[in-house]
Number of protein chains: 2
Amino acid sequence: MTSTHAPIAPAPLDLQGDVVALTRALCDIESVSGTEGPIADAVEAALRAVGHLEVLRDGDAVVARTHLGRAERVVLAGHLDTVPIAANLPTWTTGAGDDEILHGRGTVDMKGGVAVYLKLAATVREPRRDVTFVFYDNEEVASVRNGLGRLVRNHPDWLAGDFAVVGEPSNFTVEGGCQGTMRIRITLAGKAAHTARSWRGINAIHAAADLLDILKRYQPRTVEVDGLEYREGLNAVAIQGGIAGNVVPDQCYVDINHRFAPDRDIAAAEAHLRETFAGYDFEIRDAAESARPGLDHPAAVEFLTAVGRPTAPKFGWTDVARFASLGMPAVNYGPGDSMLAHTDEEHVSTAALREYERELTTWLS
Amino acid sequence: MTSTHAPIAPAPLDLQGDVVALTRALCDIESVSGTEGPIADAVEAALRAVGHLEVLRDGDAVVARTHLGRAERVVLAGHLDTVPIAANLPTWTTGAGDDEILHGRGTVDMKGGVAVYLKLAATVREPRRDVTFVFYDNEEVASVRNGLGRLVRNHPDWLAGDFAVVGEPSNFTVEGGCQGTMRIRITLAGKAAHTARSWRGINAIHAAADLLDILKRYQPRTVEVDGLEYREGLNAVAIQGGIAGNVVPDQCYVDINHRFAPDRDIAAAEAHLRETFAGYDFEIRDAAESARPGLDHPAAVEFLTAVGRPTAPKFGWTDVARFASLGMPAVNYGPGDSMLAHTDEEHVSTAALREYERELTTWLS
């Protein structure tokens, strides 16, 4: 007996066939963050069926790895979740040949990369290096829910390796490292009074004038690290003050986000902000370490040689930094244009998916 | 048949007796803004019982006036409502003689003044000038609900006269006129961008630096009008900007309250702000006219001579200005300390109530 509302189990994934068909099959299993159960089940089952991989699972994250006793191990990682559907599933294609485009949620961010990794897992049975494949949940939501972060906490040994590639779309540019980030709050104090007798008060919003002036005049650094140029930033991201339309406000706060190049760690970034805002107290609201690109690591050099693609710094804090926190060099490298991610028009060129498969097969074989 | 929840009608008010007893009777009829029905009923009934007055009613506002054909008419006005009770009813007294204090909600703001006016209405049957007594609702809440404002709109003829006294507590200082007020909003525009690539954006909060600097450096005027010194003010009363912790904000607004001396009207105040904030657009959110003290008016001069009290400017916008809007000079003058208004410790000296009664009886008789 079946309920009309019972979910239909997806057909088994074919990891040996065409990578575009596999991408479509993955996209057509809806997996908005928090609902990755069915896709993780399908991925786990397909990886177990391959036969030569150790398969591990934590929540809706699936890890599969070879144990060939190679001198080095590389990690290929991709997330299984997507942002919400926008009437852009099931997938569809337009054009043909080199102009064929695969449209739909997840095509670029990032089930194309996931499909290539799954196909590599099934087809490259004797890689030159041991390989660990990591498929994880909840990348598109709050960092605290991130499945890769959970693996770092629960099973850092599952992620161990010499070099990692995260297959987020990068338009075939190898993006290395990432800025660190720090958010601080500066609270300005005043003294409340009725605005009709404002000389009795001290206006906390007016007191923000000098602070905003520091921000306005600040000249962010551009820093070269391991051959890549990183641009920093220092920005007010929130300001709030005021009690009522007839009260001199006694408090105003400014939240400031500093993005710092990977030549600085959190402690150095804090010291810089203490100097920049000398005379102001501040509270650190959150912070995440930067990650050096690490492109001088032998495994990274070999990867760059194999794919023959340009390199660029990564701006923003990405899951690449989670590998950096484990002491591994890591890069972001995947098919498609990240500007299309999260848009209703999300799509990827099928030629890019096939090219990505070719490059990584060459590298691993 | 009575319901246990039926309100008990208050005992009739005795307008001929002791003014302290009358104040207590008025205070003990709870009349938090919006619930003035019972006290307005009691006041109306007592005024009708007096016999020689025309009695008018609009909502919970009651107006009573003589028609003796005098050359001048004066208006005495007080509000019937209070801020919420704070376990400070029923009223109680401490001390005795000149040190006797009447405690409880409404004692100072302003049923003491109302009690004196009601007693004058009943006892000064042949005043030298025609007198209009105005008792109104909803003074302690949003201006749009103010009962005196409603009378100005619905029945300006009920309020007509040559001079008005509003009996709010002023510690026996005659407070004249009031500042005008204007609230404007200046919205600063920027361009949103991820803070990791902040060079692509324009930070709207940083753009507020120069505006806050204008406010910080602004030197408000002190202006003498009709012999009284008015201090102005220009204050940011709210600032808000920011979208998320990782976004360069594309908008920030600053709300500014200008309090201006009665030598300027709204148009002149706006012109001053356009000059002060040259280069910024702003939106006027609300404005209220200033009121000149008008203490040079013959009726005002005679009042000042009769009571023999010091004069001072009134800061803040009060109901005095509603009379000014009708072209009448008006002052604020009443027993008790306005600093006690709205506090849990609200109280008034009973000697002050009796002194206030004596002074106004002398003036009217």
# chains A, B, ... in the order shown; residues from 1 in each chain; ligands from 1
>>> calpha_fit_and_write(fixed="chain A", moving="chain B", output="compact mmCIF listing (two decimals) with C-alpha atoms, in the first residue's frame")
# COMPACT_ATOMS: atom_id res chain seq x y z
CA MET B 1 0.03 0.16 0.52
CA THR B 2 1.48 3.54 -0.48
CA SER B 3 0.43 6.97 0.58
CA THR B 4 -0.17 9.41 -2.24
CA HIS B 5 2.22 11.70 -0.43
CA ALA B 6 5.03 9.17 -0.10
CA PRO B 7 8.20 10.49 -1.75
CA ILE B 8 9.14 8.58 -4.85
CA ALA B 9 12.66 7.20 -4.46
CA PRO B 10 14.83 8.62 -7.26
CA ALA B 11 16.10 6.17 -9.88
CA PRO B 12 19.63 4.93 -9.12
CA LEU B 13 22.32 7.31 -10.41
CA ASP B 14 24.37 6.07 -13.37
CA LEU B 15 27.94 7.14 -12.54
CA GLN B 16 29.45 5.52 -15.63
CA GLY B 17 27.42 7.32 -18.31
CA ASP B 18 27.36 10.79 -19.79
CA VAL B 19 28.27 13.52 -17.28
CA VAL B 20 25.54 15.84 -18.60
CA ALA B 21 22.89 13.17 -18.06
CA LEU B 22 24.29 12.63 -14.55
CA THR B 23 24.19 16.39 -13.85
CA ARG B 24 20.54 16.48 -14.95
CA ALA B 25 19.67 13.48 -12.80
CA LEU B 26 21.27 15.20 -9.78
CA CYS B 27 19.55 18.53 -10.46
CA ASP B 28 16.18 16.85 -10.85
CA ILE B 29 16.46 15.52 -7.30
CA GLU B 30 15.43 18.72 -5.51
CA SER B 31 17.79 19.39 -2.61
CA VAL B 32 17.22 22.83 -1.20
CA SER B 33 19.36 23.26 1.94
CA GLY B 34 17.94 21.20 4.77
CA THR B 35 16.25 18.66 2.48
CA GLU B 36 19.33 16.85 1.15
CA GLY B 37 18.25 13.40 2.47
CA PRO B 38 17.09 11.91 -0.87
CA ILE B 39 20.07 13.15 -2.90
CA ALA B 40 22.54 12.06 -0.20
CA ASP B 41 20.87 8.62 -0.17
CA ALA B 42 21.19 8.36 -3.96
CA VAL B 43 24.83 9.49 -3.91
CA GLU B 44 25.72 7.10 -1.08
CA ALA B 45 24.02 4.15 -2.82
CA ALA B 46 25.76 4.90 -6.12
CA LEU B 47 29.18 5.22 -4.46
CA ARG B 48 28.69 1.98 -2.52
CA ALA B 49 27.75 0.24 -5.77
CA VAL B 50 31.11 1.27 -7.29
CA GLY B 51 32.76 -1.29 -5.05
CA HIS B 52 36.36 -0.07 -4.72
CA LEU B 53 35.71 2.87 -2.38
CA GLU B 54 35.38 3.22 1.37
CA VAL B 55 32.07 5.07 1.88
CA LEU B 56 31.34 7.10 5.05
CA ARG B 57 28.33 9.14 6.05
CA ASP B 58 27.63 11.89 8.60
CA GLY B 59 24.12 13.35 8.42
CA ASP B 60 23.60 14.21 4.78
CA ALA B 61 27.30 14.36 4.00
CA VAL B 62 28.85 11.44 2.12
CA VAL B 63 32.59 10.77 1.90
CA ALA B 64 34.16 8.15 -0.39
CA ARG B 65 37.86 7.41 -0.69
CA THR B 66 40.44 5.15 -2.25
CA HIS B 67 43.03 3.33 -0.15
CA LEU B 68 45.75 2.56 -2.68
CA GLY B 69 48.71 3.47 -0.46
CA ARG B 70 49.77 6.36 -2.71
CA ALA B 71 52.29 8.88 -1.37
CA GLU B 72 49.79 11.72 -1.67
CA ARG B 73 46.08 12.14 -1.22
CA VAL B 74 43.92 14.80 -2.89
CA VAL B 75 40.41 15.81 -1.89
CA LEU B 76 37.62 16.80 -4.28
CA ALA B 77 34.68 18.45 -2.54
CA GLY B 78 31.27 19.72 -3.58
CA HIS B 79 28.01 20.56 -1.88
CA LEU B 80 24.74 18.78 -2.61
CA ASP B 81 22.31 21.55 -1.68
CA THR B 82 20.90 24.42 -3.71
CA VAL B 83 19.14 27.67 -2.99
CA PRO B 84 15.33 27.48 -3.37
CA ILE B 85 13.80 26.46 -6.68
CA ALA B 86 12.50 29.34 -8.83
CA ALA B 87 10.27 27.44 -11.27
CA ASN B 88 13.55 26.32 -12.86
CA LEU B 89 13.23 22.56 -12.41
CA PRO B 90 13.20 20.01 -13.93
CA THR B 91 16.26 20.90 -16.02
CA TRP B 92 16.05 21.60 -19.73
CA THR B 93 18.52 22.19 -22.53
CA THR B 94 18.75 24.71 -25.35
CA GLY B 95 21.14 24.73 -28.32
CA ALA B 96 23.25 21.83 -29.50
CA GLY B 97 26.86 20.70 -29.75
CA ASP B 98 29.35 23.21 -28.33
CA ASP B 99 26.49 25.70 -27.86
CA GLU B 100 24.33 23.39 -25.79
CA ILE B 101 23.23 24.93 -22.51
CA LEU B 102 21.82 23.06 -19.52
CA HIS B 103 19.35 25.20 -17.59
CA GLY B 104 17.90 24.88 -14.10
CA ARG B 105 18.54 25.17 -10.39
CA GLY B 106 21.82 23.57 -9.40
CA THR B 107 23.28 23.33 -12.89
CA VAL B 108 26.05 25.82 -12.13
CA ASP B 109 25.97 25.85 -8.31
CA MET B 110 27.12 23.13 -8.22
CA LYS B 111 25.74 19.81 -9.33
CA GLY B 112 27.82 19.98 -12.51
CA GLY B 113 30.97 19.77 -10.39
CA VAL B 114 29.39 17.08 -8.21
CA ALA B 115 28.49 15.04 -11.29
CA VAL B 116 32.08 15.17 -12.57
CA TYR B 117 33.41 14.08 -9.16
CA LEU B 118 30.93 11.18 -8.99
CA LYS B 119 31.93 10.07 -12.46
CA LEU B 120 35.64 10.26 -11.53
CA ALA B 121 34.88 8.20 -8.42
CA ALA B 122 33.39 5.46 -10.56
CA THR B 123 35.71 5.57 -13.59
CA VAL B 124 39.23 6.49 -12.44
CA ARG B 125 39.80 3.29 -10.51
CA GLU B 126 43.61 3.54 -10.35
CA PRO B 127 44.34 7.23 -9.68
CA ARG B 128 48.01 8.36 -9.34
CA ARG B 129 47.16 9.76 -5.92
CA ASP B 130 44.72 8.50 -3.39
CA VAL B 131 41.50 10.48 -3.73
CA THR B 132 38.86 11.47 -1.19
CA PHE B 133 35.49 12.63 -2.54
CA VAL B 134 33.42 14.79 -0.22
CA PHE B 135 29.74 15.57 -0.88
CA TYR B 136 28.07 17.71 1.76
CA ASP B 137 24.93 19.51 2.83
CA ASN B 138 23.88 23.03 3.85
CA GLU B 139 26.46 25.11 2.06
CA GLU B 140 23.89 27.72 1.00
CA VAL B 141 22.74 28.61 4.51
CA ALA B 142 24.18 29.93 7.75
CA SER B 143 27.78 28.89 8.26
CA VAL B 144 26.93 27.12 11.51
CA ARG B 145 24.89 24.53 9.55
CA ASN B 146 27.54 23.95 6.87
CA GLY B 147 28.07 20.20 6.34
CA LEU B 148 31.77 20.58 5.54
CA GLY B 149 32.22 22.53 8.75
CA ARG B 150 30.48 19.68 10.59
CA LEU B 151 32.89 17.16 9.06
CA VAL B 152 35.83 19.35 10.11
CA ARG B 153 34.49 19.22 13.68
CA ASN B 154 33.31 15.58 13.81
CA HIS B 155 35.68 13.75 11.45
CA PRO B 156 38.73 15.79 10.47
CA ASP B 157 40.44 12.48 9.61
CA TRP B 158 37.89 11.88 6.81
CA LEU B 159 39.13 15.08 5.15
CA ALA B 160 42.86 14.52 5.56
CA GLY B 161 44.96 15.03 2.43
CA ASP B 162 47.72 17.06 0.75
CA PHE B 163 45.62 19.30 -1.49
CA ALA B 164 41.92 19.99 -2.00
CA VAL B 165 39.81 21.22 -4.89
CA VAL B 166 36.35 22.66 -4.23
CA GLY B 167 34.33 22.48 -7.45
CA GLU B 168 32.34 25.74 -7.15
CA PRO B 169 31.93 27.51 -10.50
CA SER B 170 35.01 29.64 -11.27
CA ASN B 171 34.85 29.86 -15.07
CA PHE B 172 37.96 27.68 -15.26
CA THR B 173 40.04 30.07 -13.22
CA VAL B 174 41.91 28.51 -10.30
CA GLU B 175 40.97 30.66 -7.33
CA GLY B 176 43.31 30.40 -4.40
CA GLY B 177 43.07 31.25 -0.74
CA CYS B 178 40.62 33.76 0.61
CA GLN B 179 40.40 36.92 2.64
CA GLY B 180 39.76 36.70 6.32
CA THR B 181 36.77 38.52 7.76
CA MET B 182 36.15 40.26 11.06
CA ARG B 183 33.02 42.07 12.23
CA ILE B 184 33.25 44.54 15.06
CA ARG B 185 30.73 46.78 16.79
CA ILE B 186 31.62 50.23 18.07
CA THR B 187 29.03 51.70 20.42
CA LEU B 188 28.98 55.45 20.95
CA ALA B 189 27.48 56.72 24.17
CA GLY B 190 25.71 60.01 24.81
CA LYS B 191 23.21 61.35 27.29
CA ALA B 192 19.48 61.40 26.61
CA ALA B 193 17.50 64.64 26.83
CA HIS B 194 14.36 66.10 25.33
CA THR B 195 15.24 67.72 21.99
CA ALA B 196 13.50 70.89 23.17
CA ARG B 197 16.26 71.14 25.80
CA SER B 198 19.00 69.47 23.82
CA TRP B 199 21.77 71.37 25.60
CA ARG B 200 21.15 69.06 28.55
CA GLY B 201 22.05 65.97 26.48
CA ILE B 202 24.95 64.57 24.48
CA ASN B 203 24.03 63.31 21.04
CA ALA B 204 25.46 59.81 20.43
CA ILE B 205 24.64 59.96 16.71
CA HIS B 206 26.63 63.18 16.30
CA ALA B 207 29.46 61.36 18.07
CA ALA B 208 29.59 58.93 15.14
CA ALA B 209 30.76 61.72 12.80
CA ASP B 210 34.45 61.22 13.52
CA LEU B 211 34.20 57.45 13.35
CA LEU B 212 32.50 57.54 9.95
CA ASP B 213 35.15 59.98 8.84
CA ILE B 214 37.86 57.44 9.68
CA LEU B 215 36.00 54.87 7.57
CA LYS B 216 35.49 57.31 4.72
CA ARG B 217 39.20 58.22 4.60
CA TYR B 218 40.51 54.69 5.09
CA GLN B 219 42.71 53.44 2.25
CA PRO B 220 42.52 49.63 2.05
CA ARG B 221 45.68 47.72 1.19
CA THR B 222 46.32 45.63 -1.88
CA VAL B 223 48.69 42.81 -0.91
CA GLU B 224 50.45 40.14 -2.95
CA VAL B 225 50.45 36.74 -1.30
CA ASP B 226 51.99 33.69 -3.03
CA GLY B 227 51.80 35.55 -6.33
CA LEU B 228 48.15 36.58 -6.08
CA GLU B 229 46.90 40.11 -5.38
CA TYR B 230 44.40 40.51 -2.56
CA ARG B 231 42.39 43.69 -1.99
CA GLU B 232 41.21 44.46 1.50
CA GLY B 233 38.17 46.37 2.67
CA LEU B 234 36.84 48.18 5.73
CA ASN B 235 33.14 48.97 5.66
CA ALA B 236 30.38 50.05 7.97
CA VAL B 237 27.68 47.45 7.35
CA ALA B 238 25.12 48.75 9.85
CA ILE B 239 24.46 51.85 11.87
CA GLN B 240 21.61 52.39 14.27
CA GLY B 241 20.76 55.00 16.82
CA GLY B 242 17.75 56.91 18.12
CA ILE B 243 14.98 56.46 20.67
CA ALA B 244 12.16 58.76 19.57
CA GLY B 245 11.62 61.78 17.40
CA ASN B 246 11.93 64.16 20.36
CA VAL B 247 14.83 62.60 22.27
CA VAL B 248 18.54 63.30 22.00
CA PRO B 249 19.83 59.75 21.51
CA ASP B 250 22.12 58.33 24.17
CA GLN B 251 23.41 55.44 22.05
CA CYS B 252 24.46 54.70 18.50
CA TYR B 253 26.30 51.67 17.23
CA VAL B 254 28.24 51.05 14.06
CA ASP B 255 28.96 47.53 12.81
CA ILE B 256 32.07 47.31 10.69
CA ASN B 257 33.26 44.47 8.48
CA HIS B 258 36.96 44.16 7.77
CA ARG B 259 38.12 41.84 4.99
CA PHE B 260 41.83 41.19 5.27
CA ALA B 261 44.42 39.64 2.99
CA PRO B 262 45.90 36.23 3.87
CA ASP B 263 49.18 37.78 4.98
CA ARG B 264 47.31 38.57 8.20
CA ASP B 265 45.63 36.31 10.66
CA ILE B 266 42.78 37.26 13.02
CA ALA B 267 45.17 38.54 15.70
CA ALA B 268 47.00 40.77 13.21
CA ALA B 269 43.72 42.03 11.78
CA GLU B 270 42.47 42.90 15.27
CA ALA B 271 45.70 44.75 16.04
CA HIS B 272 45.25 46.72 12.83
CA LEU B 273 41.69 47.68 13.79
CA ARG B 274 42.75 48.67 17.34
CA GLU B 275 45.26 51.03 15.72
CA THR B 276 42.82 52.33 13.10
CA PHE B 277 40.13 52.99 15.71
CA ALA B 278 42.46 54.19 18.46
CA GLY B 279 40.39 55.81 21.18
CA TYR B 280 37.31 53.67 20.48
CA ASP B 281 36.42 50.47 22.26
CA PHE B 282 35.05 47.72 20.12
CA GLU B 283 33.56 44.30 20.47
CA ILE B 284 34.48 41.54 18.00
CA ARG B 285 31.19 40.02 16.80
CA ASP B 286 32.67 37.32 14.59
CA ALA B 287 35.81 36.51 12.70
CA ALA B 288 37.09 33.89 10.31
CA GLU B 289 40.69 33.27 9.37
CA SER B 290 42.06 34.09 5.96
CA ALA B 291 43.58 31.30 3.89
CA ARG B 292 46.84 31.61 2.01
CA PRO B 293 46.51 30.37 -1.56
CA GLY B 294 49.21 27.74 -1.01
CA LEU B 295 49.79 27.50 -4.76
CA ASP B 296 53.49 26.86 -4.16
CA HIS B 297 52.72 23.48 -2.59
CA PRO B 298 54.00 20.64 -4.86
CA ALA B 299 50.52 19.09 -5.16
CA ALA B 300 49.09 22.49 -6.10
CA VAL B 301 51.86 23.15 -8.63
CA GLU B 302 51.19 19.80 -10.27
CA PHE B 303 47.46 20.54 -10.40
CA LEU B 304 48.08 23.95 -11.98
CA THR B 305 50.37 22.37 -14.56
CA ALA B 306 47.83 19.66 -15.39
CA VAL B 307 44.88 22.02 -15.94
CA GLY B 308 46.95 24.89 -17.43
CA ARG B 309 44.54 27.55 -16.29
CA PRO B 310 44.98 31.12 -14.95
CA THR B 311 45.02 31.77 -11.22
CA ALA B 312 43.29 34.50 -9.27
CA PRO B 313 42.71 35.40 -5.65
CA LYS B 314 39.41 34.40 -4.12
CA PHE B 315 37.47 37.24 -2.56
CA GLY B 316 35.04 36.38 0.14
CA TRP B 317 35.18 33.58 2.63
CA THR B 318 34.53 30.16 1.09
CA ASP B 319 34.70 26.55 2.10
CA VAL B 320 38.23 26.51 0.71
CA ALA B 321 39.21 28.12 4.01
CA ARG B 322 37.83 25.12 5.93
CA PHE B 323 40.55 23.00 4.35
CA ALA B 324 43.08 25.71 5.09
CA SER B 325 42.00 25.41 8.74
CA LEU B 326 43.14 21.76 8.53
CA GLY B 327 46.51 22.90 7.18
CA MET B 328 45.80 21.84 3.59
CA PRO B 329 46.30 24.02 0.53
CA ALA B 330 43.03 24.22 -1.34
CA VAL B 331 41.64 25.93 -4.42
CA ASN B 332 38.30 26.70 -5.87
CA TYR B 333 38.01 25.44 -9.43
CA GLY B 334 34.84 24.48 -11.27
CA PRO B 335 32.81 24.78 -14.46
CA GLY B 336 30.46 27.67 -15.13
CA ASP B 337 30.04 31.29 -14.18
CA SER B 338 29.54 32.02 -10.49
CA MET B 339 27.60 35.17 -11.39
CA LEU B 340 24.75 32.89 -12.52
CA ALA B 341 24.60 31.13 -9.16
CA HIS B 342 21.35 31.78 -7.24
CA THR B 343 19.73 33.51 -10.23
CA ASP B 344 16.50 32.29 -11.79
CA GLU B 345 18.45 31.95 -15.06
CA GLU B 346 21.03 29.57 -13.60
CA HIS B 347 22.65 27.52 -16.40
CA VAL B 348 25.91 25.95 -17.53
CA SER B 349 27.45 25.05 -20.86
CA THR B 350 27.49 21.27 -21.33
CA ALA B 351 30.84 21.67 -23.11
CA ALA B 352 32.21 23.12 -19.86
CA LEU B 353 31.04 20.08 -17.90
CA ARG B 354 32.75 17.73 -20.38
CA GLU B 355 35.93 19.84 -20.41
CA TYR B 356 36.04 19.80 -16.61
CA GLU B 357 35.67 16.03 -16.64
CA ARG B 358 38.51 15.71 -19.18
CA GLU B 359 40.88 17.94 -17.24
CA LEU B 360 40.40 16.25 -13.89
CA THR B 361 40.57 12.77 -15.43
CA THR B 362 43.93 13.71 -16.97
CA TRP B 363 45.18 15.11 -13.66
CA LEU B 364 44.16 12.06 -11.60
CA SER B 365 45.09 9.36 -14.09
>>> select_by_dssp(residues="range 226-283 of chain A", states="helix (DSSP H, G or I)", output="ChimeraX atom specification")
/A:266-276
>>> write_last_selection(atoms="N, CA, C and O atoms", output="PDB file, in the first residue's frame")
ATOM      1  N   ILE A 266      43.815  36.539  12.338  1.00  0.00           N
ATOM      2  CA  ILE A 266      42.812  37.283  13.109  1.00  0.00           C
ATOM      3  C   ILE A 266      43.479  38.233  14.103  1.00  0.00           C
ATOM      4  O   ILE A 266      43.066  39.390  14.249  1.00  0.00           O
ATOM      5  N   ALA A 267      44.523  37.766  14.779  1.00  0.00           N
ATOM      6  CA  ALA A 267      45.185  38.606  15.787  1.00  0.00           C
ATOM      7  C   ALA A 267      45.791  39.849  15.144  1.00  0.00           C
ATOM      8  O   ALA A 267      45.677  40.963  15.669  1.00  0.00           O
ATOM      9  N   ALA A 268      46.410  39.677  13.973  1.00  0.00           N
ATOM     10  CA  ALA A 268      47.015  40.820  13.290  1.00  0.00           C
ATOM     11  C   ALA A 268      45.945  41.780  12.790  1.00  0.00           C
ATOM     12  O   ALA A 268      46.117  43.007  12.822  1.00  0.00           O
ATOM     13  N   ALA A 269      44.829  41.217  12.326  1.00  0.00           N
ATOM     14  CA  ALA A 269      43.728  42.067  11.863  1.00  0.00           C
ATOM     15  C   ALA A 269      43.159  42.871  13.027  1.00  0.00           C
ATOM     16  O   ALA A 269      42.878  44.068  12.895  1.00  0.00           O
ATOM     17  N   GLU A 270      43.007  42.228  14.177  1.00  0.00           N
ATOM     18  CA  GLU A 270      42.489  42.953  15.342  1.00  0.00           C
ATOM     19  C   GLU A 270      43.445  44.084  15.731  1.00  0.00           C
ATOM     20  O   GLU A 270      43.006  45.209  15.996  1.00  0.00           O
ATOM     21  N   ALA A 271      44.749  43.785  15.735  1.00  0.00           N
ATOM     22  CA  ALA A 271      45.731  44.820  16.097  1.00  0.00           C
ATOM     23  C   ALA A 271      45.616  46.003  15.140  1.00  0.00           C
ATOM     24  O   ALA A 271      45.676  47.171  15.549  1.00  0.00           O
ATOM     25  N   HIS A 272      45.413  45.714  13.859  1.00  0.00           N
ATOM     26  CA  HIS A 272      45.268  46.789  12.881  1.00  0.00           C
ATOM     27  C   HIS A 272      44.023  47.639  13.171  1.00  0.00           C
ATOM     28  O   HIS A 272      44.065  48.871  13.083  1.00  0.00           O
ATOM     29  N   LEU A 273      42.925  46.978  13.539  1.00  0.00           N
ATOM     30  CA  LEU A 273      41.701  47.742  13.827  1.00  0.00           C
ATOM     31  C   LEU A 273      41.848  48.547  15.120  1.00  0.00           C
ATOM     32  O   LEU A 273      41.346  49.669  15.216  1.00  0.00           O
ATOM     33  N   ARG A 274      42.546  47.983  16.112  1.00  0.00           N
ATOM     34  CA  ARG A 274      42.773  48.743  17.367  1.00  0.00           C
ATOM     35  C   ARG A 274      43.543  50.023  17.053  1.00  0.00           C
ATOM     36  O   ARG A 274      43.283  51.072  17.634  1.00  0.00           O
ATOM     37  N   GLU A 275      44.466  49.938  16.114  1.00  0.00           N
ATOM     38  CA  GLU A 275      45.261  51.106  15.750  1.00  0.00           C
ATOM     39  C   GLU A 275      44.422  52.086  14.926  1.00  0.00           C
ATOM     40  O   GLU A 275      44.440  53.297  15.153  1.00  0.00           O
ATOM     41  N   THR A 276      43.657  51.527  13.978  1.00  0.00           N
ATOM     42  CA  THR A 276      42.836  52.385  13.109  1.00  0.00           C
ATOM     43  C   THR A 276      41.791  53.145  13.921  1.00  0.00           C
ATOM     44  O   THR A 276      41.511  54.307  13.655  1.00  0.00           O
TER      45      THR A 276
END
